[in-house]
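Report on the following structure.
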There are 2 protein chains.
Amino acid sequence: MRYKVTLAYDGNNYVGFQSQRNGLAIQDLIESALKVIFKEDIRIVMASRTDAKVHAYGQVFHFDSDKKKDPYKLKGSINALVPKDIHIIDIKYVSDDFHARYSVKEKTYEYLINIGEYDVFLNGYAYQCFYKLDIDLMKRGAFLFLGTHDFSSFNTTPYSVKENQIRTISEFKIIKNKNILKIRVTGDGFLRNMVRIMVGTLIDLGRGQKNIEDIEKMLEKPSKNTKRYNITGSGLYLVKIKY
Amino acid sequence: MRYKVTLAYDGNNYVGFQSQRNGLAIQDLIESALKVIFKEDIRIVMASRTDAKVHAYGQVFHFDSDKKKDPYKLKGSINALVPKDIHIIDIKYVSDDFHARYSVKEKTYEYLINIGEYDVFLNGYAYQCFYKLDIDLMKRGAFLFLGTHDFSSFNTTPYSVKENQIRTISEFKIIKNKNILKIRVTGDGFLRNMVRIMVGTLIDLGRGQKNIEDIEKMLEKPSKNTKRYNITGSGLYLVKIKY
């Protein structure tokens, strides 16, 4: 029996979704809850590791068990066992050929930037930007990321890891609503810290630290030696995963 | 020299605005910061005590000092000394006849209720309501509070405290935006827990635990013995104070 689970979390209190040695991860709490409910060790397979402090509206994982539980009741049982900053939204039975990571078609992330007065309610939920930003120029920059590129200049995976650096971005929008800039990115996959580095690059562009030609060059001559601005994770949200 | 200060805070980590024996209050942190800056003990006079966990967008206090500091720089100095969940928005010099509490003309509070799926990002910021609510009936109930009434049935000040129980409510709106109900109340003043009890009463009405006649009776025959539903403070926001 394979279960597909969709969940939301506030990442501020965690080292990330995936279990790590340096602190509490969301995976730890989910697996503890599943052990209590299923009375067996259960290992979950996640769609996406998210970094420390990164939030999610629509993270997905799957797991297997011989025991068949009613999805709606199971949702309630897990939610009763995890802290209030983690919430299971939906559980479904899926066939054995569904895989939370390998079956992903597209992922959507959003990044929030507060360009107005500091707001206590956005502390940990949006990047506070005190620079004046040229938003039209940032939109032109965002447009350059669309399509299929080698994103070697825009991630932190080391050289030693032999990982394909080609990804396809299908959506890259910058929406301004009062003092909040929402940057929305959809792609078939993202390399380590790739969204944060693309957002950081657009902020550098908007405040005049980089120009359009710099970004074109980073895309046309991809290099691991490029200077990167890896912006904080606490403004980042994993919004949706399409299968 | 009298200073008028407007500030915002996330109340979740505090026992309230006013200093208390049972824990950390926002007043404690503000006065500590002022002591560092002015090098003297400064006592602030607040517009409104807010309860534990209650938030503010526009709380106001005043204080006096013989030392004249530039308001803009003073704002920066205080903000650098207080935690990130407190933020001074504005500081102005005012004349000595301005009083943060006695000069108040009107206060506006908002209360947020989530009537949809539990949302991790509203934990501590909105009341989670799992009851089905008749919102039109709640709007009829809210209408009853408008005007000048004896609010003895709607507060927790004990009998022993000889306090005038008459208040005038000039605005009482219920606005539904997707799954969020925003209840907005403006009045010339509010008794202890009065907003929370009015909101709790409207929830009782919306879920069928009370009817319109019950509220009419509570207003027409004000009594301290009325059974009251004092809803959690963590959905409440002090939004604006008019002088």
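Chains: A, B, ... in order of the structure tokens. Residues: from 1 per chain. Ligands: from 1, in order shown.
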
Might you pull out every residue within 7 Å of Gln165 of chain B, with only C-alpha atoms counted and same-chain residues fewer than 6 positions away left off, and present them as a PyMOL selection string? chain B and resi 150-152

Pose of chain B fitted onto chain A, C-alpha LSQ, given as a PDB file with C-alpha atoms, in the first residue's frame:
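File written: selection_8.pdb
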ATOM      1  CA  MET B   1      -0.003  -0.004  -0.005  1.00  0.00           C
ATOM      2  CA  ARG B   2       1.552   3.304  -1.117  1.00  0.00           C
ATOM      3  CA  TYR B   3       0.386   6.557   0.481  1.00  0.00           C
ATOM      4  CA  LYS B   4       0.845   9.999  -1.105  1.00  0.00           C
ATOM      5  CA  VAL B   5       0.830  12.804   1.452  1.00  0.00           C
ATOM      6  CA  THR B   6       0.593  16.565   0.829  1.00  0.00           C
ATOM      7  CA  LEU B   7       1.558  18.870   3.679  1.00  0.00           C
ATOM      8  CA  ALA B   8       2.260  22.461   4.699  1.00  0.00           C
ATOM      9  CA  TYR B   9       4.766  23.709   7.220  1.00  0.00           C
ATOM     10  CA  ASP B  10       6.310  26.800   8.707  1.00  0.00           C
ATOM     11  CA  GLY B  11      10.029  26.094   8.322  1.00  0.00           C
ATOM     12  CA  ASN B  12      11.319  28.617  10.851  1.00  0.00           C
ATOM     13  CA  ASN B  13      11.905  26.090  13.633  1.00  0.00           C
ATOM     14  CA  TYR B  14      13.569  23.410  11.502  1.00  0.00           C
ATOM     15  CA  VAL B  15      16.894  22.630   9.820  1.00  0.00           C
ATOM     16  CA  GLY B  16      14.892  21.672   6.720  1.00  0.00           C
ATOM     17  CA  PHE B  17      12.546  18.943   5.590  1.00  0.00           C
ATOM     18  CA  GLN B  18      15.154  16.191   5.303  1.00  0.00           C
ATOM     19  CA  SER B  19      16.645  14.582   8.426  1.00  0.00           C
ATOM     20  CA  GLN B  20      20.071  15.947   9.280  1.00  0.00           C
ATOM     21  CA  ARG B  21      22.628  15.609  12.033  1.00  0.00           C
ATOM     22  CA  ASN B  22      22.635  19.238  13.060  1.00  0.00           C
ATOM     23  CA  GLY B  23      19.104  19.632  14.376  1.00  0.00           C
ATOM     24  CA  LEU B  24      15.424  18.873  14.152  1.00  0.00           C
ATOM     25  CA  ALA B  25      13.991  18.247  10.675  1.00  0.00           C
ATOM     26  CA  ILE B  26      10.346  17.947   9.664  1.00  0.00           C
ATOM     27  CA  GLN B  27      11.014  14.423   8.358  1.00  0.00           C
ATOM     28  CA  ASP B  28      11.992  13.335  11.903  1.00  0.00           C
ATOM     29  CA  LEU B  29       8.655  14.442  13.328  1.00  0.00           C
ATOM     30  CA  ILE B  30       6.611  12.889  10.515  1.00  0.00           C
ATOM     31  CA  GLU B  31       8.407   9.556  10.774  1.00  0.00           C
ATOM     32  CA  SER B  32       7.980   9.532  14.570  1.00  0.00           C
ATOM     33  CA  ALA B  33       4.251  10.097  14.156  1.00  0.00           C
ATOM     34  CA  LEU B  34       3.994   7.336  11.512  1.00  0.00           C
ATOM     35  CA  LYS B  35       5.856   4.944  13.805  1.00  0.00           C
ATOM     36  CA  VAL B  36       3.323   5.570  16.581  1.00  0.00           C
ATOM     37  CA  ILE B  37       0.387   5.055  14.212  1.00  0.00           C
ATOM     38  CA  PHE B  38       1.642   2.110  12.129  1.00  0.00           C
ATOM     39  CA  LYS B  39       3.663   0.488  14.926  1.00  0.00           C
ATOM     40  CA  GLU B  40       6.562  -0.062  12.527  1.00  0.00           C
ATOM     41  CA  ASP B  41       9.521   1.943  11.211  1.00  0.00           C
ATOM     42  CA  ILE B  42       8.468   3.927   8.163  1.00  0.00           C
ATOM     43  CA  ARG B  43      10.831   5.794   5.880  1.00  0.00           C
ATOM     44  CA  ILE B  44       9.268   8.575   3.847  1.00  0.00           C
ATOM     45  CA  VAL B  45      10.393   9.610   0.344  1.00  0.00           C
ATOM     46  CA  MET B  46      10.059  13.339  -0.189  1.00  0.00           C
ATOM     47  CA  ALA B  47       9.484  15.293  -3.392  1.00  0.00           C
ATOM     48  CA  SER B  48      11.863  18.023  -2.415  1.00  0.00           C
ATOM     49  CA  ARG B  49      14.371  18.692   0.336  1.00  0.00           C
ATOM     50  CA  THR B  50      13.751  22.204   1.491  1.00  0.00           C
ATOM     51  CA  ASP B  51      16.496  24.195   3.243  1.00  0.00           C
ATOM     52  CA  ALA B  52      16.469  25.467   6.810  1.00  0.00           C
ATOM     53  CA  LYS B  53      13.672  27.995   7.407  1.00  0.00           C
ATOM     54  CA  VAL B  54      12.054  27.367   3.997  1.00  0.00           C
ATOM     55  CA  HIS B  55       8.258  27.065   4.177  1.00  0.00           C
ATOM     56  CA  ALA B  56       5.813  24.886   2.260  1.00  0.00           C
ATOM     57  CA  TYR B  57       2.177  25.036   1.235  1.00  0.00           C
ATOM     58  CA  GLY B  58       2.366  21.901  -0.853  1.00  0.00           C
ATOM     59  CA  GLN B  59       5.284  19.603  -0.054  1.00  0.00           C
ATOM     60  CA  VAL B  60       4.676  15.951  -1.007  1.00  0.00           C
ATOM     61  CA  PHE B  61       6.061  12.636   0.223  1.00  0.00           C
ATOM     62  CA  HIS B  62       5.167   8.973  -0.207  1.00  0.00           C
ATOM     63  CA  PHE B  63       5.627   5.939   2.002  1.00  0.00           C
ATOM     64  CA  ASP B  64       4.700   2.262   1.945  1.00  0.00           C
ATOM     65  CA  SER B  65       3.067   0.032   4.510  1.00  0.00           C
ATOM     66  CA  ASP B  66       1.239  -3.288   4.367  1.00  0.00           C
ATOM     67  CA  LYS B  67      -1.308  -1.826   6.761  1.00  0.00           C
ATOM     68  CA  LYS B  68      -4.283  -0.136   5.162  1.00  0.00           C
ATOM     69  CA  LYS B  69      -5.480   2.945   7.031  1.00  0.00           C
ATOM     70  CA  ASP B  70      -8.364   5.233   6.091  1.00  0.00           C
ATOM     71  CA  PRO B  71      -6.688   8.340   4.554  1.00  0.00           C
ATOM     72  CA  TYR B  72      -8.952  10.858   6.281  1.00  0.00           C
ATOM     73  CA  LYS B  73      -8.481   9.299   9.723  1.00  0.00           C
ATOM     74  CA  LEU B  74      -4.754   8.924   9.098  1.00  0.00           C
ATOM     75  CA  LYS B  75      -4.537  12.632   8.316  1.00  0.00           C
ATOM     76  CA  GLY B  76      -6.188  13.433  11.657  1.00  0.00           C
ATOM     77  CA  SER B  77      -3.917  11.040  13.536  1.00  0.00           C
ATOM     78  CA  ILE B  78      -0.700  12.491  12.106  1.00  0.00           C
ATOM     79  CA  ASN B  79      -1.894  16.078  12.663  1.00  0.00           C
ATOM     80  CA  ALA B  80      -2.649  15.251  16.290  1.00  0.00           C
ATOM     81  CA  LEU B  81       0.937  14.009  16.772  1.00  0.00           C
ATOM     82  CA  VAL B  82       2.984  16.710  15.006  1.00  0.00           C
ATOM     83  CA  PRO B  83       3.536  20.316  16.218  1.00  0.00           C
ATOM     84  CA  LYS B  84       1.151  23.061  15.094  1.00  0.00           C
ATOM     85  CA  ASP B  85       3.626  24.421  12.535  1.00  0.00           C
ATOM     86  CA  ILE B  86       3.254  21.237  10.454  1.00  0.00           C
ATOM     87  CA  HIS B  87      -0.070  20.261   8.901  1.00  0.00           C
ATOM     88  CA  ILE B  88      -1.033  17.344   6.684  1.00  0.00           C
ATOM     89  CA  ILE B  89      -3.436  18.661   4.042  1.00  0.00           C
ATOM     90  CA  ASP B  90      -4.264  15.518   2.098  1.00  0.00           C
ATOM     91  CA  ILE B  91      -3.557  11.785   1.961  1.00  0.00           C
ATOM     92  CA  LYS B  92      -4.340   9.509  -1.005  1.00  0.00           C
ATOM     93  CA  TYR B  93      -3.649   5.904  -1.944  1.00  0.00           C
ATOM     94  CA  VAL B  94      -1.472   5.772  -5.071  1.00  0.00           C
ATOM     95  CA  SER B  95      -0.212   2.977  -7.271  1.00  0.00           C
ATOM     96  CA  ASP B  96       3.259   1.558  -6.694  1.00  0.00           C
ATOM     97  CA  ASP B  97       4.658   3.290  -9.779  1.00  0.00           C
ATOM     98  CA  PHE B  98       4.050   6.712  -8.217  1.00  0.00           C
ATOM     99  CA  HIS B  99       7.254   8.128  -6.753  1.00  0.00           C
ATOM    100  CA  ALA B 100       7.240  11.411  -4.811  1.00  0.00           C
ATOM    101  CA  ARG B 101      10.562  12.503  -6.315  1.00  0.00           C
ATOM    102  CA  TYR B 102      10.908  10.778  -9.690  1.00  0.00           C
ATOM    103  CA  SER B 103       7.312  11.339 -10.826  1.00  0.00           C
ATOM    104  CA  VAL B 104       7.505  15.127 -10.379  1.00  0.00           C
ATOM    105  CA  LYS B 105       6.580  17.039 -13.564  1.00  0.00           C
ATOM    106  CA  GLU B 106       6.873  20.585 -12.218  1.00  0.00           C
ATOM    107  CA  LYS B 107       7.505  22.426  -8.986  1.00  0.00           C
ATOM    108  CA  THR B 108       6.431  25.947  -8.128  1.00  0.00           C
ATOM    109  CA  TYR B 109       8.199  28.110  -5.567  1.00  0.00           C
ATOM    110  CA  GLU B 110       7.364  31.611  -4.384  1.00  0.00           C
ATOM    111  CA  TYR B 111       9.703  34.086  -2.762  1.00  0.00           C
ATOM    112  CA  LEU B 112       8.428  37.099  -0.789  1.00  0.00           C
ATOM    113  CA  ILE B 113      10.299  40.382  -0.508  1.00  0.00           C
ATOM    114  CA  ASN B 114       9.107  43.262   1.649  1.00  0.00           C
ATOM    115  CA  ILE B 115      10.218  46.528   0.056  1.00  0.00           C
ATOM    116  CA  GLY B 116       8.279  48.717   2.514  1.00  0.00           C
ATOM    117  CA  GLU B 117       8.609  49.535   6.212  1.00  0.00           C
ATOM    118  CA  TYR B 118       9.766  46.592   8.314  1.00  0.00           C
ATOM    119  CA  ASP B 119       6.729  44.527   9.362  1.00  0.00           C
ATOM    120  CA  VAL B 120       6.870  42.419  12.540  1.00  0.00           C
ATOM    121  CA  PHE B 121       4.405  39.953  11.022  1.00  0.00           C
ATOM    122  CA  LEU B 122       6.718  39.233   8.075  1.00  0.00           C
ATOM    123  CA  ASN B 123       9.736  38.507  10.276  1.00  0.00           C
ATOM    124  CA  GLY B 124      10.796  35.032   9.114  1.00  0.00           C
ATOM    125  CA  TYR B 125       8.261  35.088   6.265  1.00  0.00           C
ATOM    126  CA  ALA B 126       9.690  37.597   3.787  1.00  0.00           C
ATOM    127  CA  TYR B 127      13.100  39.049   2.971  1.00  0.00           C
ATOM    128  CA  GLN B 128      13.309  42.626   4.185  1.00  0.00           C
ATOM    129  CA  CYS B 129      14.818  44.761   1.423  1.00  0.00           C
ATOM    130  CA  PHE B 130      15.950  48.294   2.227  1.00  0.00           C
ATOM    131  CA  TYR B 131      17.446  48.917  -1.219  1.00  0.00           C
ATOM    132  CA  LYS B 132      15.470  50.791  -3.828  1.00  0.00           C
ATOM    133  CA  LEU B 133      14.718  48.248  -6.553  1.00  0.00           C
ATOM    134  CA  ASP B 134      14.123  48.815 -10.273  1.00  0.00           C
ATOM    135  CA  ILE B 135      11.279  46.325 -10.615  1.00  0.00           C
ATOM    136  CA  ASP B 136      10.874  46.693 -14.383  1.00  0.00           C
ATOM    137  CA  LEU B 137      14.543  45.812 -14.814  1.00  0.00           C
ATOM    138  CA  MET B 138      14.074  42.816 -12.514  1.00  0.00           C
ATOM    139  CA  LYS B 139      11.183  41.642 -14.714  1.00  0.00           C
ATOM    140  CA  ARG B 140      13.482  41.842 -17.765  1.00  0.00           C
ATOM    141  CA  GLY B 141      16.070  39.829 -15.831  1.00  0.00           C
ATOM    142  CA  ALA B 142      13.507  37.214 -14.781  1.00  0.00           C
ATOM    143  CA  PHE B 143      12.547  36.761 -18.438  1.00  0.00           C
ATOM    144  CA  LEU B 144      16.103  35.601 -19.214  1.00  0.00           C
ATOM    145  CA  PHE B 145      15.718  32.551 -16.972  1.00  0.00           C
ATOM    146  CA  LEU B 146      12.726  31.216 -18.943  1.00  0.00           C
ATOM    147  CA  GLY B 147      13.384  28.173 -21.088  1.00  0.00           C
ATOM    148  CA  THR B 148      16.064  25.483 -20.937  1.00  0.00           C
ATOM    149  CA  HIS B 149      19.512  26.488 -19.662  1.00  0.00           C
ATOM    150  CA  ASP B 150      22.624  25.148 -17.980  1.00  0.00           C
ATOM    151  CA  PHE B 151      22.198  26.574 -14.471  1.00  0.00           C
ATOM    152  CA  SER B 152      25.770  25.892 -13.254  1.00  0.00           C
ATOM    153  CA  SER B 153      26.135  29.582 -12.317  1.00  0.00           C
ATOM    154  CA  PHE B 154      23.003  29.458 -10.188  1.00  0.00           C
ATOM    155  CA  ASN B 155      23.423  26.697  -7.611  1.00  0.00           C
ATOM    156  CA  THR B 156      25.705  25.532  -4.827  1.00  0.00           C
ATOM    157  CA  THR B 157      26.146  21.857  -5.728  1.00  0.00           C
ATOM    158  CA  PRO B 158      29.908  21.333  -5.676  1.00  0.00           C
ATOM    159  CA  TYR B 159      31.892  20.391  -8.794  1.00  0.00           C
ATOM    160  CA  SER B 160      32.561  16.981  -7.284  1.00  0.00           C
ATOM    161  CA  VAL B 161      28.887  16.054  -7.504  1.00  0.00           C
ATOM    162  CA  LYS B 162      28.271  14.893 -11.051  1.00  0.00           C
ATOM    163  CA  GLU B 163      24.802  16.277 -11.506  1.00  0.00           C
ATOM    164  CA  ASN B 164      23.104  17.344 -14.715  1.00  0.00           C
ATOM    165  CA  GLN B 165      22.915  21.164 -14.536  1.00  0.00           C
ATOM    166  CA  ILE B 166      20.247  21.596 -17.230  1.00  0.00           C
ATOM    167  CA  ARG B 167      16.790  22.661 -16.097  1.00  0.00           C
ATOM    168  CA  THR B 168      13.726  24.134 -17.800  1.00  0.00           C
ATOM    169  CA  ILE B 169      11.929  27.116 -16.271  1.00  0.00           C
ATOM    170  CA  SER B 170       8.368  27.547 -17.546  1.00  0.00           C
ATOM    171  CA  GLU B 171       7.203  30.468 -15.377  1.00  0.00           C
ATOM    172  CA  PHE B 172       9.077  33.355 -13.740  1.00  0.00           C
ATOM    173  CA  LYS B 173       6.841  36.162 -12.569  1.00  0.00           C
ATOM    174  CA  ILE B 174       7.377  39.175 -10.367  1.00  0.00           C
ATOM    175  CA  ILE B 175       4.111  40.460  -8.902  1.00  0.00           C
ATOM    176  CA  LYS B 176       4.012  43.654  -6.840  1.00  0.00           C
ATOM    177  CA  ASN B 177       1.174  44.002  -4.344  1.00  0.00           C
ATOM    178  CA  LYS B 178       1.546  47.134  -2.217  1.00  0.00           C
ATOM    179  CA  ASN B 179       4.957  46.731  -0.566  1.00  0.00           C
ATOM    180  CA  ILE B 180       5.321  43.011  -1.220  1.00  0.00           C
ATOM    181  CA  LEU B 181       7.131  41.592  -4.230  1.00  0.00           C
ATOM    182  CA  LYS B 182       6.120  38.021  -4.915  1.00  0.00           C
ATOM    183  CA  ILE B 183       8.493  36.126  -7.189  1.00  0.00           C
ATOM    184  CA  ARG B 184       6.905  32.987  -8.580  1.00  0.00           C
ATOM    185  CA  VAL B 185       9.014  30.354 -10.353  1.00  0.00           C
ATOM    186  CA  THR B 186       7.929  27.087 -11.931  1.00  0.00           C
ATOM    187  CA  GLY B 187      10.320  24.552 -13.401  1.00  0.00           C
ATOM    188  CA  ASP B 188      10.865  20.868 -14.044  1.00  0.00           C
ATOM    189  CA  GLY B 189      13.385  20.834 -11.211  1.00  0.00           C
ATOM    190  CA  PHE B 190      15.748  23.028  -9.251  1.00  0.00           C
ATOM    191  CA  LEU B 191      19.365  22.542  -8.228  1.00  0.00           C
ATOM    192  CA  ARG B 192      20.552  23.216  -4.688  1.00  0.00           C
ATOM    193  CA  ASN B 193      19.745  26.821  -3.636  1.00  0.00           C
ATOM    194  CA  MET B 194      18.888  27.607  -7.267  1.00  0.00           C
ATOM    195  CA  VAL B 195      15.697  29.573  -6.527  1.00  0.00           C
ATOM    196  CA  ARG B 196      17.399  31.566  -3.780  1.00  0.00           C
ATOM    197  CA  ILE B 197      20.375  32.392  -6.029  1.00  0.00           C
ATOM    198  CA  MET B 198      18.148  33.416  -8.971  1.00  0.00           C
ATOM    199  CA  VAL B 199      16.163  35.687  -6.620  1.00  0.00           C
ATOM    200  CA  GLY B 200      19.382  37.071  -5.106  1.00  0.00           C
ATOM    201  CA  THR B 201      20.697  37.777  -8.611  1.00  0.00           C
ATOM    202  CA  LEU B 202      17.511  39.670  -9.483  1.00  0.00           C
ATOM    203  CA  ILE B 203      17.848  41.767  -6.323  1.00  0.00           C
ATOM    204  CA  ASP B 204      21.445  42.573  -7.290  1.00  0.00           C
ATOM    205  CA  LEU B 205      20.078  43.592 -10.700  1.00  0.00           C
ATOM    206  CA  GLY B 206      17.273  45.696  -9.219  1.00  0.00           C
ATOM    207  CA  ARG B 207      19.632  47.639  -6.955  1.00  0.00           C
ATOM    208  CA  GLY B 208      22.268  48.214  -9.629  1.00  0.00           C
ATOM    209  CA  GLN B 209      24.933  45.736  -8.443  1.00  0.00           C
ATOM    210  CA  LYS B 210      24.545  43.687 -11.644  1.00  0.00           C
ATOM    211  CA  ASN B 211      23.232  44.462 -15.106  1.00  0.00           C
ATOM    212  CA  ILE B 212      21.311  42.476 -17.717  1.00  0.00           C
ATOM    213  CA  GLU B 213      24.521  41.538 -19.537  1.00  0.00           C
ATOM    214  CA  ASP B 214      25.946  39.965 -16.363  1.00  0.00           C
ATOM    215  CA  ILE B 215      22.961  37.601 -16.142  1.00  0.00           C
ATOM    216  CA  GLU B 216      23.109  36.801 -19.862  1.00  0.00           C
ATOM    217  CA  LYS B 217      26.774  35.899 -19.414  1.00  0.00           C
ATOM    218  CA  MET B 218      26.057  33.727 -16.354  1.00  0.00           C
ATOM    219  CA  LEU B 219      23.563  31.778 -18.484  1.00  0.00           C
ATOM    220  CA  GLU B 220      25.605  31.659 -21.701  1.00  0.00           C
ATOM    221  CA  LYS B 221      28.916  30.782 -20.029  1.00  0.00           C
ATOM    222  CA  PRO B 222      27.769  28.705 -17.089  1.00  0.00           C
ATOM    223  CA  SER B 223      30.413  28.434 -14.400  1.00  0.00           C
ATOM    224  CA  LYS B 224      30.679  27.217 -10.838  1.00  0.00           C
ATOM    225  CA  ASN B 225      33.084  30.076 -10.109  1.00  0.00           C
ATOM    226  CA  THR B 226      30.507  32.837 -10.543  1.00  0.00           C
ATOM    227  CA  LYS B 227      29.997  35.048  -7.499  1.00  0.00           C
ATOM    228  CA  ARG B 228      26.543  34.190  -6.202  1.00  0.00           C
ATOM    229  CA  TYR B 229      24.185  35.936  -3.835  1.00  0.00           C
ATOM    230  CA  ASN B 230      22.369  33.188  -1.916  1.00  0.00           C
ATOM    231  CA  ILE B 231      19.471  35.026  -0.280  1.00  0.00           C
ATOM    232  CA  THR B 232      17.960  33.846   3.029  1.00  0.00           C
ATOM    233  CA  GLY B 233      15.614  30.842   2.950  1.00  0.00           C
ATOM    234  CA  SER B 234      13.000  32.353   5.250  1.00  0.00           C
ATOM    235  CA  GLY B 235      11.239  34.168   2.377  1.00  0.00           C
ATOM    236  CA  LEU B 236      10.925  30.998   0.276  1.00  0.00           C
ATOM    237  CA  TYR B 237       7.801  28.833  -0.073  1.00  0.00           C
ATOM    238  CA  LEU B 238       7.406  25.501  -1.851  1.00  0.00           C
ATOM    239  CA  VAL B 239       3.951  26.172  -3.221  1.00  0.00           C
ATOM    240  CA  LYS B 240       2.934  23.317  -5.497  1.00  0.00           C
ATOM    241  CA  ILE B 241       4.189  20.089  -7.005  1.00  0.00           C
ATOM    242  CA  LYS B 242       2.648  18.821 -10.217  1.00  0.00           C
ATOM    243  CA  TYR B 243       2.721  15.113 -11.086  1.00  0.00           C
TER     244      TYR B 243
END

Please, which residues of segment 105-238 of chain B, numbered as in this document, come out strand (DSSP E) from DSSP, as a ChimeraX atom specification? /B:106-114,127-128,147-150,166-177,180-187,236-238

Requested write-out: C-alpha atoms of the selected residues, as a compact mmCIF listing (two decimals), in the first residue's frame:
# COMPACT_ATOMS: atom_id res chain seq x y z
CA GLU B 106 -11.42 56.15 19.05
CA LYS B 107 -9.73 52.77 18.91
CA THR B 108 -10.05 50.18 16.18
CA TYR B 109 -9.49 46.48 16.73
CA GLU B 110 -9.62 43.62 14.24
CA TYR B 111 -10.18 39.97 14.99
CA LEU B 112 -9.29 37.22 12.49
CA ILE B 113 -11.11 33.91 12.26
CA ASN B 114 -10.04 31.12 9.93
CA TYR B 127 -8.75 31.81 15.69
CA GLN B 128 -9.28 28.46 14.03
CA GLY B 147 -24.36 52.81 19.28
CA THR B 148 -24.16 53.58 23.00
CA HIS B 149 -24.83 50.73 25.44
CA ASP B 150 -24.08 49.50 28.94
CA ILE B 166 -21.09 52.65 29.01
CA ARG B 167 -19.27 52.68 25.69
CA THR B 168 -20.11 53.80 22.15
CA ILE B 169 -19.38 51.53 19.19
CA SER B 170 -19.25 53.38 15.87
CA GLU B 171 -18.20 50.55 13.53
CA PHE B 172 -18.74 46.78 13.67
CA LYS B 173 -18.06 45.02 10.40
CA ILE B 174 -17.67 41.39 9.43
CA ILE B 175 -15.74 41.00 6.18
CA LYS B 176 -15.29 37.59 4.56
CA ASN B 177 -12.28 37.13 2.30
CA ILE B 180 -10.87 34.43 6.62
CA LEU B 181 -13.48 36.37 8.57
CA LYS B 182 -12.20 39.76 9.62
CA ILE B 183 -14.22 41.41 12.38
CA ARG B 184 -13.48 45.11 12.64
CA VAL B 185 -14.68 47.13 15.64
CA THR B 186 -14.24 50.82 16.37
CA GLY B 187 -15.34 52.49 19.59
CA LEU B 236 -6.86 40.05 18.04
CA TYR B 237 -5.07 43.10 16.61
CA LEU B 238 -5.04 46.66 17.92

Per DSSP on the backbone, filter segment 58-191 of chain A down to the residues in helix (DSSP H, G or I) and report them as a PyMOL selection string. chain A and resi 71-81+120-122+135-145+152-154
